[in-house]
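Novice: See start_37.cif below, with mmCIF, C-alpha atoms.
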```cif
data_upload
loop_
_atom_site.group_PDB
_atom_site.id
_atom_site.type_symbol
_atom_site.label_atom_id
_atom_site.label_comp_id
_atom_site.auth_asym_id
_atom_site.auth_seq_id
_atom_site.Cartn_x
_atom_site.Cartn_y
_atom_site.Cartn_z
ATOM 1 C CA MET A 1 0.000 0.000 0.000
ATOM 2 C CA ALA A 2 1.411 3.365 -0.982
ATOM 3 C CA SER A 3 2.320 5.675 1.874
ATOM 4 C CA PRO A 4 0.284 8.913 2.084
ATOM 5 C CA PHE A 5 3.486 10.722 2.959
ATOM 6 C CA ALA A 6 6.036 12.078 0.526
ATOM 7 C CA ILE A 7 9.502 13.346 1.150
ATOM 8 C CA GLN A 8 9.885 15.395 -1.965
ATOM 9 C CA PRO A 9 9.631 18.962 -3.208
ATOM 10 C CA PRO A 10 6.045 20.093 -2.483
ATOM 11 C CA LEU A 11 3.364 20.265 -5.080
ATOM 12 C CA GLY A 12 1.616 23.473 -5.914
ATOM 13 C CA PHE A 13 4.700 25.689 -5.796
ATOM 14 C CA GLY A 14 7.397 26.822 -8.180
ATOM 15 C CA PRO A 15 7.399 28.047 -11.774
ATOM 16 C CA GLY A 16 4.314 27.175 -13.775
ATOM 17 C CA SER A 17 2.304 25.907 -10.794
ATOM 18 C CA GLN A 18 0.213 29.013 -10.180
ATOM 19 C CA THR A 19 -2.430 30.343 -12.539
ATOM 20 C CA GLY A 20 -2.868 34.067 -12.338
ATOM 21 C CA ASP A 21 -1.733 34.999 -8.819
ATOM 22 C CA GLU A 22 1.771 35.888 -9.961
ATOM 23 C CA GLU A 23 1.002 37.707 -13.205
ATOM 24 C CA GLY A 24 2.105 40.926 -11.553
ATOM 25 C CA LEU A 25 5.629 39.558 -11.200
ATOM 26 C CA ALA A 26 6.240 39.590 -14.940
ATOM 27 C CA TYR A 27 8.732 42.453 -14.560
ATOM 28 C CA MET A 28 10.813 40.319 -12.231
ATOM 29 C CA PRO A 29 11.374 36.876 -13.843
ATOM 30 C CA MET A 30 13.234 34.177 -11.972
ATOM 31 C CA PRO A 31 16.905 35.000 -12.524
ATOM 32 C CA SER A 32 19.203 32.574 -14.254
ATOM 33 C CA GLY A 33 22.925 32.065 -13.936
ATOM 34 C CA MET A 34 25.315 33.790 -11.587
ATOM 35 C CA ARG A 35 26.080 37.471 -12.031
ATOM 36 C CA VAL A 36 29.688 38.395 -11.293
ATOM 37 C CA TYR A 37 30.934 41.914 -10.620
ATOM 38 C CA GLU A 38 32.803 43.456 -13.529
ATOM 39 C CA PRO A 39 34.753 46.702 -13.013
ATOM 40 C CA HIS A 40 33.040 49.513 -14.893
ATOM 41 C CA LEU A 41 34.461 53.021 -15.165
ATOM 42 C CA LEU A 42 32.252 55.861 -16.314
ATOM 43 C CA ASP A 43 33.153 58.018 -19.270
ATOM 44 C CA ALA A 44 34.602 61.244 -17.847
ATOM 45 C CA ASP A 45 33.224 63.254 -20.781
ATOM 46 C CA VAL A 46 29.714 62.055 -19.945
ATOM 47 C CA ALA A 47 30.094 62.350 -16.189
ATOM 48 C CA GLY A 48 31.572 65.845 -16.277
ATOM 49 C CA PRO A 49 28.303 67.789 -16.758
ATOM 50 C CA CYS A 50 26.474 65.667 -14.151
ATOM 51 C CA ALA A 51 27.768 67.211 -10.929
ATOM 52 C CA ALA A 52 24.583 66.379 -9.026
ATOM 53 C CA ALA A 53 24.856 62.678 -9.878
ATOM 54 C CA LEU A 54 28.524 62.567 -8.887
ATOM 55 C CA ALA A 55 27.737 64.303 -5.594
ATOM 56 C CA THR A 56 25.036 61.729 -4.881
ATOM 57 C CA LEU A 57 27.376 58.858 -5.690
ATOM 58 C CA ALA A 58 30.013 60.363 -3.413
ATOM 59 C CA ALA A 59 27.452 60.543 -0.608
ATOM 60 C CA VAL A 60 26.579 56.877 -1.204
ATOM 61 C CA ARG A 61 30.285 55.981 -1.088
ATOM 62 C CA ASP A 62 30.654 57.787 2.252
ATOM 63 C CA ALA A 63 27.553 56.056 3.634
ATOM 64 C CA LEU A 64 28.995 52.680 2.678
ATOM 65 C CA ALA A 65 32.321 53.527 4.298
ATOM 66 C CA ARG A 66 30.758 54.442 7.656
ATOM 67 C CA TRP A 67 28.068 51.755 7.649
ATOM 68 C CA GLN A 68 27.691 49.636 10.769
ATOM 69 C CA PRO A 69 25.375 46.616 11.271
ATOM 70 C CA GLY A 70 21.836 47.901 11.672
ATOM 71 C CA GLY A 71 22.693 51.175 9.979
ATOM 72 C CA HIS A 72 20.650 52.676 7.164
ATOM 73 C CA GLU A 73 20.772 55.848 5.061
ATOM 74 C CA SER A 74 18.573 57.129 2.247
ATOM 75 C CA PHE A 75 19.239 59.547 -0.621
ATOM 76 C CA SER A 76 16.381 61.004 -2.647
ATOM 77 C CA LEU A 77 16.784 61.291 -6.417
ATOM 78 C CA ALA A 78 13.506 63.154 -6.908
ATOM 79 C CA GLY A 79 15.237 66.455 -7.666
ATOM 80 C CA LEU A 80 17.598 65.110 -10.326
ATOM 81 C CA ASP A 81 16.980 65.427 -14.052
ATOM 82 C CA ALA A 82 16.914 62.472 -16.453
ATOM 83 C CA ARG A 83 20.585 62.843 -17.425
ATOM 84 C CA ASN A 84 21.809 62.722 -13.830
ATOM 85 C CA ARG A 85 19.579 59.761 -13.022
ATOM 86 C CA ALA A 86 20.813 57.900 -16.094
ATOM 87 C CA LEU A 87 24.406 58.402 -14.966
ATOM 88 C CA ILE A 88 23.581 57.039 -11.509
ATOM 89 C CA ASP A 89 21.882 54.010 -13.070
ATOM 90 C CA GLU A 90 24.920 53.362 -15.270
ATOM 91 C CA ALA A 91 27.308 53.693 -12.338
ATOM 92 C CA LEU A 92 25.348 51.437 -9.991
ATOM 93 C CA GLY A 93 24.308 48.706 -12.444
ATOM 94 C CA GLU A 94 22.115 45.773 -11.396
ATOM 95 C CA GLY A 95 23.157 43.229 -8.789
ATOM 96 C CA GLU A 96 21.852 39.895 -7.560
ATOM 97 C CA VAL A 97 18.701 40.825 -5.636
ATOM 98 C CA ALA A 98 15.386 42.235 -6.886
ATOM 99 C CA VAL A 99 12.493 43.129 -4.592
ATOM 100 C CA ARG A 100 8.792 43.721 -5.200
ATOM 101 C CA VAL A 101 6.578 45.416 -2.614
ATOM 102 C CA THR A 102 2.799 45.452 -3.014
ATOM 103 C CA GLY A 103 0.229 47.340 -0.981
ATOM 104 C CA VAL A 104 -0.757 50.991 -0.725
ATOM 105 C CA VAL A 105 2.533 52.280 -2.146
ATOM 106 C CA PRO A 106 4.006 49.590 -4.455
ATOM 107 C CA LEU A 107 7.772 49.596 -4.792
ATOM 108 C CA GLU A 108 10.252 48.051 -7.211
ATOM 109 C CA ILE A 109 13.747 47.709 -5.768
ATOM 110 C CA GLN A 110 16.948 46.564 -7.433
ATOM 111 C CA GLU A 111 20.214 45.919 -5.661
ATOM 112 C CA ALA A 112 23.168 47.582 -7.377
ATOM 113 C CA THR A 113 26.351 45.782 -8.368
ATOM 114 C CA PHE A 114 27.608 47.322 -5.126
ATOM 115 C CA ALA A 115 26.183 45.148 -2.333
ATOM 116 C CA GLY A 116 24.258 47.202 0.208
ATOM 117 C CA VAL A 117 23.175 49.825 -2.344
ATOM 118 C CA TRP A 118 19.507 49.642 -3.360
ATOM 119 C CA ARG A 119 17.687 51.617 -6.054
ATOM 120 C CA VAL A 120 14.088 52.147 -4.907
ATOM 121 C CA ARG A 121 11.324 53.261 -7.284
ATOM 122 C CA GLY A 122 7.599 53.445 -6.719
ATOM 123 C CA ALA A 123 4.316 55.267 -7.029
ATOM 124 C CA GLU A 124 3.827 58.855 -5.871
ATOM 125 C CA GLY A 125 7.243 59.922 -7.131
ATOM 126 C CA VAL A 126 9.310 57.558 -4.979
ATOM 127 C CA ASP A 127 12.855 57.460 -6.362
ATOM 128 C CA ARG A 128 15.772 57.028 -3.980
ATOM 129 C CA ILE A 129 18.872 55.088 -3.076
ATOM 130 C CA GLU A 130 19.023 53.211 0.224
ATOM 131 C CA VAL A 131 22.273 52.062 1.816
ATOM 132 C CA GLY A 132 22.060 49.149 4.236
ATOM 133 C CA ALA A 133 21.926 45.382 4.504
ATOM 134 C CA PHE A 134 18.358 45.497 3.124
ATOM 135 C CA PRO A 135 16.055 48.386 2.144
ATOM 136 C CA ARG A 136 14.220 49.430 5.297
ATOM 137 C CA GLY A 137 11.246 50.841 3.406
ATOM 138 C CA ALA A 138 10.505 47.416 1.929
ATOM 139 C CA LEU A 139 10.822 45.575 5.225
ATOM 140 C CA LEU A 140 8.434 47.978 6.965
ATOM 141 C CA ARG A 141 5.761 47.097 4.387
ATOM 142 C CA ALA A 142 6.317 43.331 4.337
ATOM 143 C CA PHE A 143 3.536 42.173 6.666
ATOM 144 C CA PRO A 144 -0.126 43.159 7.159
ATOM 145 C CA ALA A 145 -0.722 45.261 10.255
ATOM 146 C CA GLU A 146 -2.856 42.622 11.998
ATOM 147 C CA TRP A 147 -3.158 38.893 11.365
ATOM 148 C CA GLN A 148 -4.273 36.025 13.567
ATOM 149 C CA MET A 149 -4.024 32.228 13.374
ATOM 150 C CA ASP A 150 -7.092 30.262 14.533
ATOM 151 C CA LEU A 151 -5.475 27.106 15.922
ATOM 152 C CA GLU A 152 -8.808 25.557 16.928
ATOM 153 C CA ASP A 153 -10.083 25.721 13.364
ATOM 154 C CA ILE A 154 -6.741 24.445 12.053
ATOM 155 C CA ALA A 155 -7.014 21.370 14.299
ATOM 156 C CA ARG A 156 -10.389 20.433 12.779
ATOM 157 C CA PRO A 157 -10.064 17.102 10.873
ATOM 158 C CA ARG A 158 -9.732 17.482 7.113
ATOM 159 C CA PRO A 159 -9.329 14.807 4.438
ATOM 160 C CA GLY A 160 -5.654 14.144 3.720
ATOM 161 C CA VAL A 161 -4.350 16.591 6.322
ATOM 162 C CA VAL A 162 -1.906 14.941 8.747
ATOM 163 C CA ASN A 163 1.070 17.103 9.731
ATOM 164 C CA ALA A 164 -0.163 20.616 8.966
ATOM 165 C CA PRO A 165 -1.869 21.301 12.365
ATOM 166 C CA PRO A 166 1.236 20.655 14.521
ATOM 167 C CA ILE A 167 3.444 22.540 12.049
ATOM 168 C CA LEU A 168 1.153 25.555 12.153
ATOM 169 C CA ALA A 169 0.982 25.363 15.950
ATOM 170 C CA GLU A 170 4.790 25.392 16.022
ATOM 171 C CA ILE A 171 4.860 28.440 13.731
ATOM 172 C CA ALA A 172 2.352 30.269 15.926
ATOM 173 C CA HIS A 173 4.369 29.496 19.064
ATOM 174 C CA ARG A 174 7.710 30.459 17.541
ATOM 175 C CA THR A 175 6.432 33.772 16.206
ATOM 176 C CA SER A 176 4.568 34.801 19.354
ATOM 177 C CA ALA A 177 7.529 33.942 21.603
ATOM 178 C CA ARG A 178 10.212 35.330 19.323
ATOM 179 C CA ALA A 179 12.429 38.097 20.705
ATOM 180 C CA PRO A 180 14.533 40.485 18.560
ATOM 181 C CA GLY A 181 17.842 38.920 17.630
ATOM 182 C CA THR A 182 16.612 35.351 18.026
ATOM 183 C CA PRO A 183 18.338 33.013 15.513
ATOM 184 C CA ALA A 184 16.218 31.920 12.568
ATOM 185 C CA HIS A 185 14.054 28.842 13.048
ATOM 186 C CA VAL A 186 13.861 26.796 9.832
ATOM 187 C CA ILE A 187 11.238 24.234 8.816
ATOM 188 C CA ASN A 188 12.381 22.161 5.835
ATOM 189 C CA PHE A 189 9.400 21.016 3.778
ATOM 190 C CA SER A 190 11.675 19.159 1.371
ATOM 191 C CA LEU A 191 12.650 16.715 4.128
ATOM 192 C CA LEU A 192 9.591 16.820 6.382
ATOM 193 C CA PRO A 193 6.997 14.062 5.803
ATOM 194 C CA HIS A 194 3.838 15.658 4.471
ATOM 195 C CA THR A 195 0.865 15.158 2.213
ATOM 196 C CA PRO A 196 -0.129 17.543 -0.580
ATOM 197 C CA GLU A 197 -3.156 18.523 1.529
ATOM 198 C CA ASP A 198 -0.827 19.507 4.370
ATOM 199 C CA LEU A 199 0.967 22.005 2.173
ATOM 200 C CA VAL A 200 -2.254 23.413 0.755
ATOM 201 C CA LEU A 201 -3.577 24.084 4.256
ATOM 202 C CA ILE A 202 -0.284 25.609 5.429
ATOM 203 C CA ASP A 203 -0.219 27.894 2.412
ATOM 204 C CA GLU A 204 -3.826 28.969 2.963
ATOM 205 C CA VAL A 205 -3.376 29.621 6.676
ATOM 206 C CA LEU A 206 -0.105 31.540 6.407
ATOM 207 C CA GLY A 207 -1.442 33.754 3.650
ATOM 208 C CA GLN A 208 0.576 36.200 1.581
ATOM 209 C CA GLY A 209 2.422 39.282 2.771
ATOM 210 C CA HIS A 210 3.464 42.277 0.698
ATOM 211 C CA LEU A 211 7.091 41.465 -0.087
ATOM 212 C CA THR A 212 8.734 39.173 -2.655
ATOM 213 C CA ILE A 213 12.505 38.863 -3.038
ATOM 214 C CA LEU A 214 14.357 37.181 -5.893
ATOM 215 C CA SER A 215 18.029 36.480 -5.313
ATOM 216 C CA ARG A 216 20.644 34.961 -7.576
ATOM 217 C CA GLY A 217 24.196 33.978 -6.831
ATOM 218 C CA TYR A 218 25.360 30.369 -6.704
ATOM 219 C CA GLY A 219 21.678 29.452 -7.210
ATOM 220 C CA ASN A 220 18.276 31.044 -7.579
ATOM 221 C CA CYS A 221 16.170 31.829 -4.540
ATOM 222 C CA ARG A 222 12.658 33.216 -4.115
ATOM 223 C CA ILE A 223 11.544 34.588 -0.752
ATOM 224 C CA ASP A 224 7.914 35.470 0.010
ATOM 225 C CA ALA A 225 6.672 37.147 3.154
ATOM 226 C CA ALA A 226 3.710 35.370 4.732
ATOM 227 C CA ALA A 227 0.816 37.246 6.277
ATOM 228 C CA ARG A 228 2.137 36.542 9.777
ATOM 229 C CA ARG A 229 5.032 38.704 10.928
ATOM 230 C CA ASP A 230 8.531 37.173 10.714
ATOM 231 C CA VAL A 231 7.334 34.187 8.633
ATOM 232 C CA TRP A 232 9.040 33.726 5.250
ATOM 233 C CA ARG A 233 8.721 31.052 2.569
ATOM 234 C CA VAL A 234 12.195 30.505 1.098
ATOM 235 C CA ARG A 235 12.525 28.392 -2.055
ATOM 236 C CA TYR A 236 15.698 27.470 -3.911
ATOM 237 C CA TYR A 237 15.815 26.503 -7.604
ATOM 238 C CA ASN A 238 18.475 24.962 -9.813
ATOM 239 C CA SER A 239 19.597 26.317 -13.176
ATOM 240 C CA THR A 240 16.544 24.801 -14.907
ATOM 241 C CA ASP A 241 14.111 26.467 -12.452
ATOM 242 C CA MET A 242 13.339 23.154 -10.737
ATOM 243 C CA LEU A 243 12.492 23.497 -7.042
ATOM 244 C CA ILE A 244 15.269 21.796 -5.061
ATOM 245 C CA LEU A 245 14.704 23.117 -1.531
ATOM 246 C CA ASP A 246 11.502 24.435 0.047
ATOM 247 C CA THR A 247 11.787 25.928 3.520
ATOM 248 C CA LEU A 248 9.991 28.219 5.905
ATOM 249 C CA GLU A 249 12.047 30.602 8.044
ATOM 250 C CA ILE A 250 10.891 32.377 11.177
ATOM 251 C CA THR A 251 13.167 35.393 11.414
ATOM 252 C CA SER A 252 13.122 39.139 10.941
ATOM 253 C CA LEU A 253 14.609 38.657 7.448
ATOM 254 C CA PRO A 254 16.270 35.609 5.828
ATOM 255 C CA GLU A 255 20.026 36.012 5.748
ATOM 256 C CA VAL A 256 20.254 35.133 2.049
ATOM 257 C CA ALA A 257 18.428 38.397 1.201
ATOM 258 C CA GLN A 258 20.817 40.642 3.150
ATOM 259 C CA ALA A 259 24.102 42.188 2.097
ATOM 260 C CA ALA A 260 26.945 40.894 4.271
ATOM 261 C CA PRO A 261 29.109 43.404 6.206
ATOM 262 C CA GLU A 262 32.250 42.389 4.335
ATOM 263 C CA ASP A 263 30.475 42.880 1.006
ATOM 264 C CA ILE A 264 29.320 46.362 2.011
ATOM 265 C CA ALA A 265 32.904 47.271 2.956
ATOM 266 C CA ASP A 266 34.044 45.979 -0.437
ATOM 267 C CA SER A 267 31.329 48.078 -2.124
ATOM 268 C CA ALA A 268 32.681 51.219 -0.457
ATOM 269 C CA ALA A 269 36.169 50.533 -1.841
ATOM 270 C CA ARG A 270 34.947 49.705 -5.347
ATOM 271 C CA LEU A 271 32.673 52.741 -5.629
ATOM 272 C CA ALA A 272 35.546 54.932 -4.415
ATOM 273 C CA GLN A 273 37.662 53.572 -7.266
ATOM 274 C CA VAL A 274 34.996 54.448 -9.808
ATOM 275 C CA LEU A 275 34.699 58.001 -8.502
ATOM 276 C CA ASP A 276 38.470 58.477 -8.227
ATOM 277 C CA ALA A 277 38.799 57.606 -11.896
ATOM 278 C CA LEU A 278 36.585 60.602 -12.735
ATOM 279 C CA ALA A 279 38.441 63.085 -10.520
#
```
Starting from the file, lay out its structure as structure tokens.

Specialist:
Amino acid sequence: MASPFAIQPPLGFGPGSQTGDEEGLAYMPMPSGMRVYEPHLLDADVAGPCAAALATLAAVRDALARWQPGGHESFSLAGLDARNRALIDEALGEGEVAVRVTGVVPLEIQEATFAGVWRVRGAEGVDRIEVGAFPRGALLRAFPAEWQMDLEDIARPRPGVVNAPPILAEIAHRTSARAPGTPAHVINFSLLPHTPEDLVLIDEVLGQGHLTILSRGYGNCRIDAAARRDVWRVRYYNSTDMLILDTLEITSLPEVAQAAPEDIADSAARLAQVLDALA
């Protein structure tokens, strides 16, 4: 007799499994391959007339140089003309992480080739650069203001549901008891015995937050905020977009989405080199 359990990548997730809910993500396709930093020096003849852009880039360089864990600085680009903004875009390039924020004020965020530098664009004239491990404006909008989990209803018997109720009870306990700075608690759905109905119920109960992160590096990773604070669905894909690891993390922000301190220090040095070449 076949076992009702399966230790395998879950059904109902990954590329091609959803029908309509992710149409809004068309601007942010699942990345492929690994992007490697390539030194890029701006043309001095082009950069010369763009003093405002160079001043902004110098301010970003200084912010990177003095950055400390937990630090964050923001630089508005709203007052710059198209030529200055184009120079900033050329200088910063596009890095490994893209972010989409939904809600009242939608945002599109792209990490620069300089880790810790984020280009933030959105409705109502939002256009700025944020310097930090992760853009604070996106994280503040990740989760709905209020959200509850009805454990009594979750425990009600359902056809095919076996492990979902205790998993959801564990999530509720971990999130309610979590203190700032607590290490991430990870639930690995790729190894945990489950039925397809378990995963459907977990997905329905956790809901969807307002933040989606796509990261590329030595593999592709998609991170979705759940409706409950500090709950993140983290999925890893191989080069053919096949789901190879499906996890849930209870943390303020998964580490894979953040710029590391040593990378931010390296960004400060590299951006200084670019600006020195134009002096």

Novice: Identify, on the basis of only C-alpha atoms, every residue whose closest approach to Leu87 (chain A) does not exceed 8 Å; exclude the query and any residue fewer than 4 positions from it along the same chain; express the result as number ranges by chain.

Specialist: A: 47, 50, 53, 83, 91

Novice: What does the file look like for those residues with C-alpha atoms, as a compact mmCIF listing (two decimals), in the coordinates of the input?

Specialist:
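The new file result09.txt reads:
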```txt
# COMPACT_ATOMS: atom_id res chain seq x y z
CA ALA A 47 30.09 62.35 -16.19
CA CYS A 50 26.47 65.67 -14.15
CA ALA A 53 24.86 62.68 -9.88
CA ARG A 83 20.58 62.84 -17.42
CA ALA A 91 27.31 53.69 -12.34
```

Novice: For CA of Ala179 (chain A) and CA of Val99 (chain A), determine how far apart the two atoms are, in Å to one decimal place.

Specialist: 25.8 Å

Novice: How close does region 144-225 of chain A get to region 245-262 of chain A? List, as CSV, each residue of region 144-225 of chain A within 12 Å, its nearest atom pair and the distance in Å to one decimal, counting only C-alpha atoms.

Specialist:
```
residue,atom,partner,partner_atom,distance
A:Ile167,CA,A:Leu248,CA,10.6
A:Leu168,CA,A:Leu248,CA,11.1
A:Glu170,CA,A:Ile250,CA,10.5
A:Ile171,CA,A:Ile250,CA,7.6
A:Ala172,CA,A:Ile250,CA,10.0
A:His173,CA,A:Ile250,CA,10.6
A:Arg174,CA,A:Ile250,CA,7.4
A:Thr175,CA,A:Ile250,CA,6.9
A:Ser176,CA,A:Ile250,CA,10.6
A:Ala177,CA,A:Ile250,CA,11.1
A:Arg178,CA,A:Thr251,CA,8.4
A:Ala179,CA,A:Thr251,CA,9.7
A:Pro180,CA,A:Ser252,CA,7.9
A:Gly181,CA,A:Ser252,CA,8.2
A:Thr182,CA,A:Thr251,CA,7.5
A:Pro183,CA,A:Thr251,CA,7.0
A:Ala184,CA,A:Thr251,CA,4.8
A:His185,CA,A:Ile250,CA,5.1
A:Val186,CA,A:Glu249,CA,4.6
A:Ile187,CA,A:Leu248,CA,5.1
A:Asn188,CA,A:Thr247,CA,4.5
A:Phe189,CA,A:Thr247,CA,5.5
A:Ser190,CA,A:Asp246,CA,5.4
A:Leu191,CA,A:Leu245,CA,8.8
A:Leu192,CA,A:Thr247,CA,9.8
A:Leu199,CA,A:Asp246,CA,11.0
A:Ile202,CA,A:Leu248,CA,10.6
A:Asp203,CA,A:Leu248,CA,10.8
A:Leu206,CA,A:Leu248,CA,10.6
A:Leu211,CA,A:Leu253,CA,11.0
A:Thr212,CA,A:Ala257,CA,10.5
A:Ile213,CA,A:Ala257,CA,7.3
A:Leu214,CA,A:Ala257,CA,8.3
A:Ser215,CA,A:Ala257,CA,6.8
A:Arg216,CA,A:Val256,CA,9.6
A:Gly217,CA,A:Val256,CA,9.8
A:Tyr218,CA,A:Val256,CA,11.2
A:Gly219,CA,A:Val256,CA,11.0
A:Asn220,CA,A:Leu245,CA,10.6
A:Cys221,CA,A:Val256,CA,8.4
A:Arg222,CA,A:Ala257,CA,9.4
A:Ile223,CA,A:Ala257,CA,8.1
A:Asp224,CA,A:Leu248,CA,9.6
A:Ala225,CA,A:Leu253,CA,9.1
```

Novice: Mind pulling up the distance from CA of Ile88 (chain A) to CA of Arg66 (chain A)?

Specialist: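 Separation between CA of Arg66 (chain A) and CA of Ile88 (chain A): 20.6 Å.
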
Novice: Enumerate, as a PyMOL selection string, the residues matched when the PyMOL selection byres ((chain A and resi 200) around 12) is run on the file above.

Specialist: chain A and resi 10-13+158-165+194-199+201-207

Novice: Check the smallest atom-to-atom distance from each of A:Gly79, A:Ala63, A:Glu108, A:Thr240 to Ala269 (chain A) using all atoms listed in the file, then report the winner.

Specialist: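 Closest to Ala269 (chain A), using all atoms listed in the file: A:Ala63.
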
Novice: Select, from A:Asn84, A:Ala133, A:Ala123, A:Ala78, the residue with the minimum atom-to-atom distance to Val97 (chain A), counting only C-alpha atoms.

Specialist: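 Between A:Asn84, A:Ala133, A:Ala123, A:Ala78, the residue approaching Val97 (chain A) most closely is A:Ala133.
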
Novice: Which one is closest to Gly93 (chain A): A:Arg61, A:His72, A:Leu271, A:Val231? Count only C-alpha atoms.

Specialist: A:Leu271
